[in-house]
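Structure file coords10.cif with mmCIF, C-alpha atoms:
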```
data_final
loop_
_atom_site.label_atom_id
_atom_site.label_comp_id
_atom_site.auth_asym_id
_atom_site.auth_seq_id
_atom_site.Cartn_x
_atom_site.Cartn_y
_atom_site.Cartn_z
CA MET A 434 15.46 -1.33 -13.35
CA ALA A 435 17.25 -3.49 -10.75
CA LEU A 436 16.19 -7.13 -10.92
CA ALA A 437 16.48 -10.22 -8.72
CA PHE A 438 15.43 -13.79 -9.39
CA THR A 439 13.80 -15.66 -6.50
CA PHE A 440 13.50 -19.46 -6.63
CA PRO A 441 10.63 -21.31 -4.90
CA GLY A 442 10.79 -24.00 -2.22
CA GLN A 443 8.49 -26.77 -1.02
CA GLY A 444 4.81 -25.96 -1.23
CA SER A 445 4.96 -24.70 -4.81
CA GLN A 446 4.72 -28.14 -6.44
CA PHE A 447 1.69 -29.36 -8.42
CA ILE A 448 0.87 -32.10 -10.90
CA GLY A 449 1.80 -30.86 -14.36
CA MET A 450 4.64 -28.64 -13.15
CA GLY A 451 7.14 -27.95 -15.92
CA HIS A 452 5.30 -29.93 -18.61
CA ALA A 453 4.47 -26.94 -20.82
CA LEU A 454 8.09 -25.78 -20.67
CA SER A 455 9.30 -29.23 -21.71
CA GLU A 456 6.85 -29.36 -24.62
CA ALA A 457 7.71 -25.87 -25.85
CA PHE A 458 11.49 -25.65 -25.42
CA PRO A 459 14.15 -28.29 -26.20
CA SER A 460 16.49 -26.63 -23.68
CA ALA A 461 13.92 -27.13 -20.91
CA LYS A 462 13.23 -30.72 -21.98
CA ALA A 463 16.96 -31.46 -21.75
CA VAL A 464 16.97 -30.35 -18.08
CA PHE A 465 14.21 -32.78 -17.12
CA GLU A 466 15.90 -35.58 -19.05
CA GLU A 467 19.21 -34.95 -17.29
CA VAL A 468 17.58 -34.91 -13.84
CA ASP A 469 15.77 -38.19 -14.62
CA SER A 470 19.04 -39.73 -15.78
CA VAL A 471 21.02 -38.59 -12.73
CA LEU A 472 18.37 -39.92 -10.34
CA GLY A 473 17.82 -43.14 -12.29
CA GLN A 474 14.12 -42.41 -11.95
CA ASN A 475 11.36 -41.08 -14.19
CA LEU A 476 10.78 -38.11 -11.92
CA SER A 477 9.33 -36.04 -14.75
CA LYS A 478 6.50 -38.59 -15.17
CA ILE A 479 5.63 -38.17 -11.49
CA MET A 480 5.73 -34.39 -11.92
CA TRP A 481 3.42 -34.47 -14.92
CA GLU A 482 1.12 -37.40 -14.15
CA GLY A 483 1.34 -37.99 -10.39
CA PRO A 484 0.26 -39.44 -8.11
CA ILE A 485 0.43 -36.35 -5.91
CA GLU A 486 1.42 -38.53 -2.93
CA ASP A 487 4.65 -39.43 -4.72
CA LEU A 488 5.33 -35.88 -5.83
CA THR A 489 4.96 -34.52 -2.30
CA LEU A 490 7.55 -36.94 -0.90
CA THR A 491 10.35 -34.62 0.18
CA SER A 492 12.97 -36.61 -1.72
CA ASN A 493 11.00 -36.06 -4.96
CA THR A 494 9.70 -32.55 -4.34
CA GLN A 495 13.12 -31.01 -3.89
CA PRO A 496 14.74 -32.07 -7.20
CA ALA A 497 11.40 -31.58 -8.99
CA LEU A 498 11.12 -27.93 -8.02
CA MET A 499 14.76 -27.30 -8.81
CA SER A 500 14.41 -28.87 -12.25
CA CYS A 501 11.49 -26.58 -13.11
CA SER A 502 13.45 -23.50 -12.07
CA ILE A 503 16.52 -24.49 -14.07
CA ALA A 504 14.38 -25.46 -17.07
CA ALA A 505 12.90 -21.96 -17.07
CA MET A 506 16.33 -20.32 -16.80
CA ARG A 507 17.86 -22.51 -19.51
CA ALA A 508 14.93 -21.74 -21.83
CA LEU A 509 15.27 -18.01 -21.18
CA LYS A 510 18.91 -18.23 -22.23
CA ALA A 511 18.58 -20.61 -25.18
CA GLU A 512 15.34 -19.37 -26.69
CA PHE A 513 15.32 -15.67 -25.78
CA GLY A 514 18.96 -14.75 -25.09
CA VAL A 515 18.25 -13.71 -21.47
CA ASP A 516 21.16 -14.63 -19.22
CA ILE A 517 21.26 -14.97 -15.43
CA THR A 518 23.44 -11.86 -15.31
CA VAL A 519 20.45 -9.60 -16.04
CA ALA A 520 19.83 -10.04 -12.30
CA LYS A 521 21.75 -8.13 -9.65
CA TYR A 522 21.03 -10.90 -7.12
CA VAL A 523 19.45 -14.33 -6.89
CA ALA A 524 17.85 -15.93 -3.84
CA GLY A 525 15.93 -19.10 -3.09
CA HIS A 526 13.55 -20.17 -0.36
CA SER A 527 14.99 -23.19 1.50
CA LEU A 528 15.66 -25.80 -1.21
CA GLY A 529 15.25 -22.93 -3.68
CA GLU A 530 18.68 -21.74 -2.59
CA TYR A 531 20.11 -24.77 -4.41
CA SER A 532 18.16 -23.74 -7.52
CA ALA A 533 19.58 -20.22 -7.20
CA LEU A 534 23.12 -21.56 -6.88
CA CYS A 535 22.67 -23.86 -9.87
CA ALA A 536 21.14 -21.09 -11.98
CA ALA A 537 24.06 -18.82 -11.07
CA GLY A 538 26.60 -21.46 -12.09
CA ALA A 539 27.97 -22.21 -8.63
CA ILE A 540 26.89 -25.87 -8.71
CA ASP A 541 26.25 -27.86 -11.88
CA LEU A 542 22.86 -29.45 -12.57
CA SER A 543 23.98 -33.04 -11.98
CA THR A 544 25.56 -32.21 -8.63
CA THR A 545 22.57 -30.11 -7.55
CA THR A 546 20.23 -32.97 -8.38
CA LYS A 547 22.25 -35.45 -6.34
CA LEU A 548 22.54 -33.05 -3.39
CA LEU A 549 18.79 -32.41 -3.30
CA ARG A 550 17.98 -36.11 -3.37
CA ILE A 551 20.39 -36.62 -0.45
CA ARG A 552 18.93 -33.58 1.33
CA GLY A 553 15.34 -34.69 0.86
CA ASP A 554 16.05 -38.22 2.07
CA ALA A 555 18.08 -36.97 5.03
CA MET A 556 15.47 -34.43 6.15
CA GLN A 557 12.70 -37.01 5.95
CA ALA A 558 14.73 -39.60 7.86
CA ALA A 559 15.99 -37.22 10.56
CA VAL A 560 12.86 -37.37 12.71
CA PRO A 561 10.46 -40.32 13.16
CA VAL A 562 6.98 -39.66 11.81
CA GLY A 563 4.75 -38.15 14.46
CA LYS A 564 7.59 -36.75 16.60
CA GLY A 565 7.81 -33.33 14.98
CA ALA A 566 5.41 -30.58 13.95
CA MET A 567 5.27 -27.14 12.38
CA ALA A 568 2.80 -24.32 12.99
CA ALA A 569 2.05 -21.16 11.03
CA LEU A 570 1.49 -18.01 13.05
CA LEU A 571 -0.62 -15.65 10.97
CA GLY A 572 -0.62 -12.01 11.92
CA ALA A 573 2.37 -12.50 14.21
CA SER A 574 5.41 -10.26 14.52
CA VAL A 575 8.86 -11.78 14.94
CA GLU A 576 8.71 -10.68 18.60
CA ASP A 577 5.37 -12.49 19.04
CA ALA A 578 6.79 -15.64 17.44
CA GLU A 579 9.94 -15.55 19.57
CA ALA A 580 7.86 -15.14 22.73
CA ALA A 581 5.65 -18.08 21.75
CA ALA A 582 8.67 -20.22 20.83
CA ALA A 583 10.27 -19.45 24.20
CA ILE A 584 7.18 -20.85 25.92
CA GLY A 585 7.31 -23.90 23.66
CA MET A 586 10.98 -24.43 24.52
CA LYS A 587 9.96 -25.09 28.12
CA VAL A 588 8.33 -28.26 26.79
CA GLY A 589 10.85 -29.25 24.12
CA ILE A 590 12.51 -28.07 20.91
CA CYS A 591 10.61 -25.16 19.36
CA GLN A 592 12.14 -22.57 17.03
CA ILE A 593 11.26 -20.13 14.31
CA ALA A 594 11.77 -22.07 11.09
CA ASN A 595 10.57 -19.55 8.51
CA ASP A 596 10.25 -15.78 8.70
CA ASN A 597 8.39 -15.71 5.41
CA ALA A 598 6.63 -12.36 5.32
CA ILE A 599 5.09 -9.72 7.51
CA GLY A 600 2.55 -11.60 9.61
CA GLN A 601 3.55 -15.04 8.32
CA ILE A 602 5.98 -16.92 10.55
CA VAL A 603 6.39 -20.68 10.95
CA LEU A 604 7.51 -22.54 14.08
CA SER A 605 9.10 -25.99 14.05
CA GLY A 606 10.03 -28.58 16.66
CA GLU A 607 8.69 -31.35 18.85
CA VAL A 608 4.94 -31.91 18.69
CA ALA A 609 4.11 -31.00 22.27
CA ALA A 610 6.39 -27.96 22.21
CA VAL A 611 4.95 -26.60 18.97
CA LYS A 612 1.40 -27.10 20.22
CA ALA A 613 2.27 -25.28 23.45
CA ALA A 614 3.77 -22.43 21.42
CA ALA A 615 0.69 -22.26 19.20
CA ASP A 616 -1.56 -22.03 22.26
CA ALA A 617 0.69 -19.34 23.73
CA ALA A 618 0.62 -17.39 20.47
CA ARG A 619 -3.15 -17.20 20.59
CA GLU A 620 -2.98 -15.92 24.15
CA LEU A 621 -0.43 -13.32 23.02
CA GLY A 622 -2.99 -12.00 20.55
CA VAL A 623 -1.73 -13.62 17.36
CA LYS A 624 -4.63 -13.75 14.92
CA LYS A 625 -4.28 -17.42 14.02
CA ALA A 626 -1.98 -20.34 14.87
CA VAL A 627 -2.37 -23.37 12.62
CA ILE A 628 -0.63 -26.74 12.90
CA LEU A 629 0.61 -27.55 9.38
CA PRO A 630 0.20 -30.90 7.59
CA VAL A 631 3.92 -31.52 7.07
CA SER A 632 5.96 -34.71 7.03
CA ALA A 633 8.81 -33.45 9.24
CA PRO A 634 9.84 -30.45 11.42
CA PHE A 635 12.10 -28.62 8.98
CA HIS A 636 14.61 -25.88 9.88
CA CYS A 637 15.00 -26.63 13.57
CA ASP A 638 17.50 -28.48 15.78
CA MET A 639 15.64 -31.77 15.23
CA MET A 640 17.18 -31.70 11.74
CA LYS A 641 20.76 -32.02 13.06
CA PRO A 642 21.17 -35.57 11.66
CA ALA A 643 20.24 -34.18 8.23
CA ALA A 644 22.70 -31.32 8.65
CA GLU A 645 25.47 -33.80 9.41
CA THR A 646 24.57 -35.78 6.28
CA MET A 647 24.65 -32.62 4.17
CA GLU A 648 27.99 -31.59 5.65
CA ARG A 649 29.49 -34.83 4.38
CA ALA A 650 27.78 -34.56 0.98
CA LEU A 651 28.74 -30.92 0.47
CA ALA A 652 32.36 -31.56 1.46
CA ASP A 653 32.77 -33.58 -1.73
CA ALA A 654 30.71 -31.28 -3.98
CA VAL A 655 32.38 -28.95 -6.47
CA ILE A 656 31.21 -25.40 -5.75
CA ILE A 657 32.57 -22.34 -7.52
CA ALA A 658 31.84 -18.63 -7.20
CA PRO A 659 28.38 -17.85 -8.61
CA ARG A 660 28.08 -15.51 -11.58
CA VAL A 661 25.53 -13.50 -9.59
CA PRO A 662 25.67 -13.08 -5.78
CA VAL A 663 23.28 -15.36 -3.89
CA VAL A 664 21.37 -13.82 -0.98
CA ASN A 665 21.25 -16.79 1.34
CA ASN A 666 18.70 -17.95 3.91
CA VAL A 667 21.01 -18.04 6.92
CA THR A 668 22.32 -14.47 6.80
CA ALA A 669 19.88 -12.68 4.46
CA ARG A 670 22.99 -11.28 2.80
CA PRO A 671 24.85 -12.11 -0.44
CA VAL A 672 27.55 -14.76 -0.58
CA THR A 673 29.98 -15.59 -3.36
CA ASP A 674 32.78 -17.48 -1.57
CA PRO A 675 32.46 -21.23 -2.24
CA ASP A 676 33.57 -22.24 1.27
CA GLN A 677 31.01 -19.89 2.83
CA ILE A 678 28.31 -21.17 0.50
CA ARG A 679 29.11 -24.73 1.57
CA ALA A 680 29.05 -23.88 5.29
CA ASP A 681 25.81 -21.91 5.03
CA LEU A 682 24.05 -24.72 3.16
CA VAL A 683 24.81 -26.95 6.14
CA SER A 684 23.60 -24.32 8.63
CA GLN A 685 20.46 -23.79 6.55
CA VAL A 686 19.16 -27.28 7.38
CA THR A 687 18.60 -26.40 11.04
CA GLY A 688 18.55 -22.61 10.70
CA ARG A 689 15.84 -20.00 10.20
CA VAL A 690 14.85 -19.14 6.64
CA ARG A 691 15.17 -15.34 6.78
CA TRP A 692 13.07 -14.65 3.71
CA ARG A 693 11.40 -11.42 4.86
CA GLU A 694 14.81 -10.03 5.80
CA SER A 695 16.26 -11.09 2.45
CA ILE A 696 13.55 -9.31 0.47
CA LEU A 697 13.78 -6.17 2.59
CA TRP A 698 17.57 -6.06 2.29
CA MET A 699 17.46 -6.32 -1.50
CA PHE A 700 14.76 -3.64 -1.70
CA GLU A 701 15.87 -1.17 0.96
CA ASP A 702 19.65 -1.51 0.80
CA GLU A 703 20.25 -2.50 -2.82
CA GLY A 704 17.40 -0.83 -4.69
CA ILE A 705 15.89 -3.94 -6.25
CA THR A 706 12.64 -2.90 -7.92
CA ARG A 707 11.66 -6.14 -9.65
CA MET A 708 11.71 -9.76 -8.47
CA ASP A 709 10.73 -12.60 -10.77
CA GLU A 710 10.07 -16.22 -9.80
CA PRO A 711 11.37 -18.80 -12.31
CA GLY A 712 10.03 -22.31 -12.32
CA CYS A 713 6.84 -23.17 -10.52
CA GLY A 714 3.93 -21.06 -9.31
CA LYS A 715 3.63 -17.76 -7.48
CA VAL A 716 4.11 -18.55 -3.79
CA LEU A 717 7.13 -16.25 -3.45
CA SER A 718 5.46 -13.51 -5.48
CA VAL A 719 2.53 -13.54 -3.04
CA MET A 720 4.94 -13.43 -0.08
CA ARG A 721 6.85 -10.57 -1.66
CA ARG A 722 3.71 -8.45 -1.98
CA ARG A 723 3.10 -8.92 1.74
CA ILE A 724 6.59 -7.57 2.42
CA VAL A 725 6.93 -4.78 -0.16
CA LYS A 726 3.92 -4.01 -2.33
CA SER A 727 5.79 -1.77 -4.76
CA ILE A 728 8.21 -4.41 -6.11
CA GLU A 729 7.18 -5.57 -9.58
CA GLY A 730 7.53 -9.04 -11.09
CA GLY A 731 5.85 -12.42 -10.92
CA PRO A 732 6.04 -16.06 -12.01
CA VAL A 733 8.21 -17.05 -14.96
CA ASP A 734 6.97 -20.61 -15.33
CA SER A 735 5.17 -21.01 -18.68
CA PRO A 736 6.04 -20.41 -22.34
CA GLU A 737 3.87 -17.31 -22.30
CA SER A 738 5.40 -15.83 -19.14
CA LEU A 739 8.94 -16.56 -20.37
CA GLU A 740 8.22 -14.75 -23.62
CA ALA A 741 6.66 -11.80 -21.78
CA PHE A 742 9.61 -11.58 -19.39
CA ALA A 743 12.10 -11.70 -22.27
CA LYS A 744 10.24 -8.91 -24.08
CA TYR A 745 10.38 -6.82 -20.92
CA ILE A 746 14.12 -7.40 -20.47
CA ASN A 747 14.82 -6.70 -24.14
CA GLY A 748 12.79 -3.50 -24.04
CA ASP A 749 10.04 -4.70 -26.39
CA VAL A 750 7.17 -3.71 -24.06
#
```
I'd like the structure from this file rewritten - as C-alpha cells, please.
Amino acid sequence: MALAFTFPGQGSQFIGMGHALSEAFPSAKAVFEEVDSVLGQNLSKIMWEGPIEDLTLTSNTQPALMSCSIAAMRALKAEFGVDITVAKYVAGHSLGEYSALCAAGAIDLSTTTKLLRIRGDAMQAAVPVGKGAMAALLGASVEDAEAAAAIGMKVGICQIANDNAIGQIVLSGEVAAVKAAADAARELGVKKAVILPVSAPFHCDMMKPAAETMERALADAVIIAPRVPVVNNVTARPVTDPDQIRADLVSQVTGRVRWRESILWMFEDEGITRMDEPGCGKVLSVMRRRIVKSIEGGPVDSPESLEAFAKYINGDV
C-alpha cells in the first residue's frame, strides 16, 4: 500500500468544522488554542458557532482549514501513533499546500498560521470587489479551457486558475474577460460554464499584489526540508528544497493549481494507491474519484474516521 495525504483548500469549510476533534482529543484542542493565540482572535468560536459570513472571509477560512488539518494529523500521532511518514507524499490544494508543509514539518504551526492570515488578507485586498470573477467549466478539457481563456484574454485578464479534475476547470480574471470566456466555452461545446460566487479572482495575474506581499512574508519565514516530499501546485511534482518551496509558494498565488496533474503523477508515476484527506470534508476525495476511480481513501476529519484510518494503517482491519 502506497499512501499520500491530500489537504483541502477553500470551499471545504463549514460551521462546526473541527469541533468534534477538539472535544475528543487534547492534541487537537491544543492546535486550535495555539492558532487562536497566534491570531489574537477566537477563530475556533467562529469555526464552531459562526456566523458563516465571518467564516467564509478569506482571511479566516485559510487558517481555519489549516488548523483542522493539523489537528487531525496531531491527533493521529498523539492518540494512535500514526506519523506523517506513513505517507510517501503529501499535497494540498491551494492554501492546503501550507497545511501539507506544516504537517510535514517544513513550517511550524505558528508561522503557518501567520502566513495564512497574511495570504488571506493580501488575496482579498489585491483586487477591488466587483473587478474580478471566476467561472467553472464543467465537462471541459484543458484544451477547451485554454481556447476559451484565449478568447477571454482579448477582453482582459483571463487564465486557468484550477485544473481540478477531469471535466472540472476554473477560469479566473477580469469580470468582462471571464464572462466572454464562459460564453465562448459554451460555443465550443463545453457542457456548462458557471460564474462562481467568489470574493476575488484567485490564481491569476490580478493577484500579483498578493504575490508580492507573500514574497516579502516568506522571505522572513523559517522553512526547512519536509519530512515527506510535498507535491506542489505549481509544478505537480515533489519539492523538498526550502528555497524552492519558498519560491513556489509565491508563484502559487498567481499560478495554476495543477491538481489533476498532481493526482495523476502520484498514481501513474509513483504507484500511490490510497489518498486520504485530513481535516475537513471530502471535496478532494470527490475530485480524486473523478480523476482516478481506483484510488482508495477518504476524509480523515472525525474521531471515528481517525480511529478507522489508524486501524487500517496498523493492520487491524
(message) Which residues are near segment 552-565 of chain A? Cut-off 8 Å, all atoms listed in the file, ignore same chain within fewer than 6 positions. Put them as number ranges by chain.
(response) A: 491-495, 605-608, 632-635, 639-643, 646-647
(message) I'd like the residues picked by the PyMOL selection byres ((chain A and resi 599) around 8) written out as a list of chain:residue names, using the chain letters and numbers from the file.
(response)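 So the PyMOL selection byres ((chain A and resi 599) around 8) ends up selecting A:Gly572, A:Ala573, A:Ser574, A:Asn597, A:Ala598, A:Gly600, A:Gln601, A:Ile602, A:Arg693, A:Arg723, A:Ile724.
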Output check: residues returned by the PyMOL selection byres ((chain A and resi 625) around 9), as a PDB file with C-alpha atoms, in the coordinates of the input:
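After the write, part-v3.pdb holds the following:
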```pdb
ATOM      1  CA  ALA A 569       2.050 -21.160  11.030  1.00  0.00           C
ATOM      2  CA  LEU A 570       1.490 -18.010  13.050  1.00  0.00           C
ATOM      3  CA  LEU A 571      -0.620 -15.650  10.970  1.00  0.00           C
ATOM      4  CA  GLY A 572      -0.620 -12.010  11.920  1.00  0.00           C
ATOM      5  CA  ALA A 573       2.370 -12.500  14.210  1.00  0.00           C
ATOM      6  CA  ALA A 615       0.690 -22.260  19.200  1.00  0.00           C
ATOM      7  CA  ALA A 618       0.620 -17.390  20.470  1.00  0.00           C
ATOM      8  CA  ARG A 619      -3.150 -17.200  20.590  1.00  0.00           C
ATOM      9  CA  GLY A 622      -2.990 -12.000  20.550  1.00  0.00           C
ATOM     10  CA  VAL A 623      -1.730 -13.620  17.360  1.00  0.00           C
ATOM     11  CA  LYS A 624      -4.630 -13.750  14.920  1.00  0.00           C
ATOM     12  CA  ALA A 626      -1.980 -20.340  14.870  1.00  0.00           C
ATOM     13  CA  VAL A 627      -2.370 -23.370  12.620  1.00  0.00           C
TER      14      VAL A 627
END
```
(request) Just the residues within 6 Å of Ala568 of chain A, please, counting all atoms listed in the file, with nothing from its chain fewer than 2 positions along; format it as a ChimeraX atom specification. (result) /A:603-604,627-629
For the residues in that selection, give me C-alpha atoms as a CSV table (one decimal), keeping the file's coordinate frame.
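Final output, again_32.csv:
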```
chain,number,residue,atom,x,y,z
A,603,VAL,CA,6.4,-20.7,11.0
A,604,LEU,CA,7.5,-22.5,14.1
A,627,VAL,CA,-2.4,-23.4,12.6
A,628,ILE,CA,-0.6,-26.7,12.9
A,629,LEU,CA,0.6,-27.6,9.4
```
(message) Applying 12 Å and all atoms listed in the file, which residues near Met699 of chain A remain after dropping the ones on its own chain fewer than 6 positions away? List them as a PyMOL selection string.
(response) chain A and resi 435-439+520-524+662-665+669-671+692-693+705-708+721+724-725+728
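Taking atom CA of Val667 of chain A and atom CA of Ala617 of chain A as the two end points, the separation is 26.4 Å.
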(request) Point out the residue among A:Ser470, A:Arg689, A:Gly714, A:Ile590 with the least atom-to-atom distance to Met450 of chain A, counting all atoms listed in the file. (result)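 Using all atoms listed in the file, the shortest distance to Met450 of chain A belongs to A:Gly714.
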Can you give me N, CA and C atoms for segment 460-485 of chain A, written as a PDB file, in the coordinates of the input?
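selection_36.pdb written:
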```pdb
ATOM      1  N   SER A 460      15.543 -26.882 -24.767  1.00  0.00           N
ATOM      2  CA  SER A 460      16.490 -26.630 -23.680  1.00  0.00           C
ATOM      3  C   SER A 460      15.891 -27.000 -22.325  1.00  0.00           C
ATOM      4  N   ALA A 461      14.594 -26.754 -22.149  1.00  0.00           N
ATOM      5  CA  ALA A 461      13.920 -27.130 -20.910  1.00  0.00           C
ATOM      6  C   ALA A 461      13.761 -28.656 -20.831  1.00  0.00           C
ATOM      7  N   LYS A 462      13.377 -29.261 -21.942  1.00  0.00           N
ATOM      8  CA  LYS A 462      13.230 -30.720 -21.980  1.00  0.00           C
ATOM      9  C   LYS A 462      14.529 -31.412 -21.589  1.00  0.00           C
ATOM     10  N   ALA A 463      15.648 -30.863 -22.045  1.00  0.00           N
ATOM     11  CA  ALA A 463      16.960 -31.460 -21.750  1.00  0.00           C
ATOM     12  C   ALA A 463      17.249 -31.442 -20.248  1.00  0.00           C
ATOM     13  N   VAL A 464      16.769 -30.417 -19.537  1.00  0.00           N
ATOM     14  CA  VAL A 464      16.970 -30.350 -18.080  1.00  0.00           C
ATOM     15  C   VAL A 464      16.240 -31.507 -17.407  1.00  0.00           C
ATOM     16  N   PHE A 465      14.978 -31.707 -17.753  1.00  0.00           N
ATOM     17  CA  PHE A 465      14.210 -32.780 -17.120  1.00  0.00           C
ATOM     18  C   PHE A 465      14.798 -34.149 -17.450  1.00  0.00           C
ATOM     19  N   GLU A 466      15.285 -34.308 -18.668  1.00  0.00           N
ATOM     20  CA  GLU A 466      15.900 -35.580 -19.050  1.00  0.00           C
ATOM     21  C   GLU A 466      17.178 -35.831 -18.263  1.00  0.00           C
ATOM     22  N   GLU A 467      17.975 -34.784 -18.053  1.00  0.00           N
ATOM     23  CA  GLU A 467      19.210 -34.950 -17.290  1.00  0.00           C
ATOM     24  C   GLU A 467      18.917 -35.292 -15.833  1.00  0.00           C
ATOM     25  N   VAL A 468      17.938 -34.626 -15.236  1.00  0.00           N
ATOM     26  CA  VAL A 468      17.580 -34.910 -13.840  1.00  0.00           C
ATOM     27  C   VAL A 468      17.087 -36.352 -13.710  1.00  0.00           C
ATOM     28  N   ASP A 469      16.237 -36.793 -14.636  1.00  0.00           N
ATOM     29  CA  ASP A 469      15.770 -38.190 -14.620  1.00  0.00           C
ATOM     30  C   ASP A 469      16.939 -39.153 -14.701  1.00  0.00           C
ATOM     31  N   SER A 470      17.896 -38.852 -15.585  1.00  0.00           N
ATOM     32  CA  SER A 470      19.040 -39.730 -15.780  1.00  0.00           C
ATOM     33  C   SER A 470      19.919 -39.785 -14.528  1.00  0.00           C
ATOM     34  N   VAL A 471      20.171 -38.641 -13.926  1.00  0.00           N
ATOM     35  CA  VAL A 471      21.020 -38.590 -12.730  1.00  0.00           C
ATOM     36  C   VAL A 471      20.376 -39.373 -11.584  1.00  0.00           C
ATOM     37  N   LEU A 472      19.067 -39.239 -11.440  1.00  0.00           N
ATOM     38  CA  LEU A 472      18.370 -39.920 -10.340  1.00  0.00           C
ATOM     39  C   LEU A 472      18.106 -41.396 -10.641  1.00  0.00           C
ATOM     40  N   GLY A 473      18.188 -41.781 -11.915  1.00  0.00           N
ATOM     41  CA  GLY A 473      17.820 -43.140 -12.290  1.00  0.00           C
ATOM     42  C   GLY A 473      16.344 -43.395 -12.030  1.00  0.00           C
ATOM     43  N   GLN A 474      15.541 -42.374 -12.292  1.00  0.00           N
ATOM     44  CA  GLN A 474      14.120 -42.410 -11.950  1.00  0.00           C
ATOM     45  C   GLN A 474      13.368 -41.516 -12.937  1.00  0.00           C
ATOM     46  N   ASN A 475      12.169 -41.914 -13.308  1.00  0.00           N
ATOM     47  CA  ASN A 475      11.360 -41.080 -14.190  1.00  0.00           C
ATOM     48  C   ASN A 475      10.613 -40.051 -13.343  1.00  0.00           C
ATOM     49  N   LEU A 476      11.381 -39.128 -12.773  1.00  0.00           N
ATOM     50  CA  LEU A 476      10.780 -38.110 -11.920  1.00  0.00           C
ATOM     51  C   LEU A 476       9.832 -37.212 -12.711  1.00  0.00           C
ATOM     52  N   SER A 477      10.182 -36.921 -13.957  1.00  0.00           N
ATOM     53  CA  SER A 477       9.330 -36.040 -14.750  1.00  0.00           C
ATOM     54  C   SER A 477       7.935 -36.634 -14.953  1.00  0.00           C
ATOM     55  N   LYS A 478       7.824 -37.959 -15.040  1.00  0.00           N
ATOM     56  CA  LYS A 478       6.500 -38.590 -15.170  1.00  0.00           C
ATOM     57  C   LYS A 478       5.679 -38.354 -13.907  1.00  0.00           C
ATOM     58  N   ILE A 479       6.327 -38.449 -12.748  1.00  0.00           N
ATOM     59  CA  ILE A 479       5.630 -38.170 -11.490  1.00  0.00           C
ATOM     60  C   ILE A 479       5.192 -36.702 -11.449  1.00  0.00           C
ATOM     61  N   MET A 480       6.058 -35.809 -11.906  1.00  0.00           N
ATOM     62  CA  MET A 480       5.730 -34.390 -11.920  1.00  0.00           C
ATOM     63  C   MET A 480       4.525 -34.098 -12.807  1.00  0.00           C
ATOM     64  N   TRP A 481       4.434 -34.800 -13.927  1.00  0.00           N
ATOM     65  CA  TRP A 481       3.420 -34.470 -14.920  1.00  0.00           C
ATOM     66  C   TRP A 481       2.148 -35.313 -14.799  1.00  0.00           C
ATOM     67  N   GLU A 482       2.283 -36.514 -14.209  1.00  0.00           N
ATOM     68  CA  GLU A 482       1.120 -37.400 -14.150  1.00  0.00           C
ATOM     69  C   GLU A 482       0.734 -37.813 -12.733  1.00  0.00           C
ATOM     70  N   GLY A 483       1.632 -37.576 -11.752  1.00  0.00           N
ATOM     71  CA  GLY A 483       1.340 -37.990 -10.390  1.00  0.00           C
ATOM     72  C   GLY A 483       1.738 -39.432 -10.142  1.00  0.00           C
ATOM     73  N   PRO A 484       1.250 -40.014  -9.035  1.00  0.00           N
ATOM     74  CA  PRO A 484       0.260 -39.440  -8.110  1.00  0.00           C
ATOM     75  C   PRO A 484       0.860 -38.337  -7.227  1.00  0.00           C
ATOM     76  N   ILE A 485      -0.009 -37.477  -6.723  1.00  0.00           N
ATOM     77  CA  ILE A 485       0.430 -36.350  -5.910  1.00  0.00           C
ATOM     78  C   ILE A 485       1.151 -36.822  -4.660  1.00  0.00           C
TER      79      ILE A 485
END
```
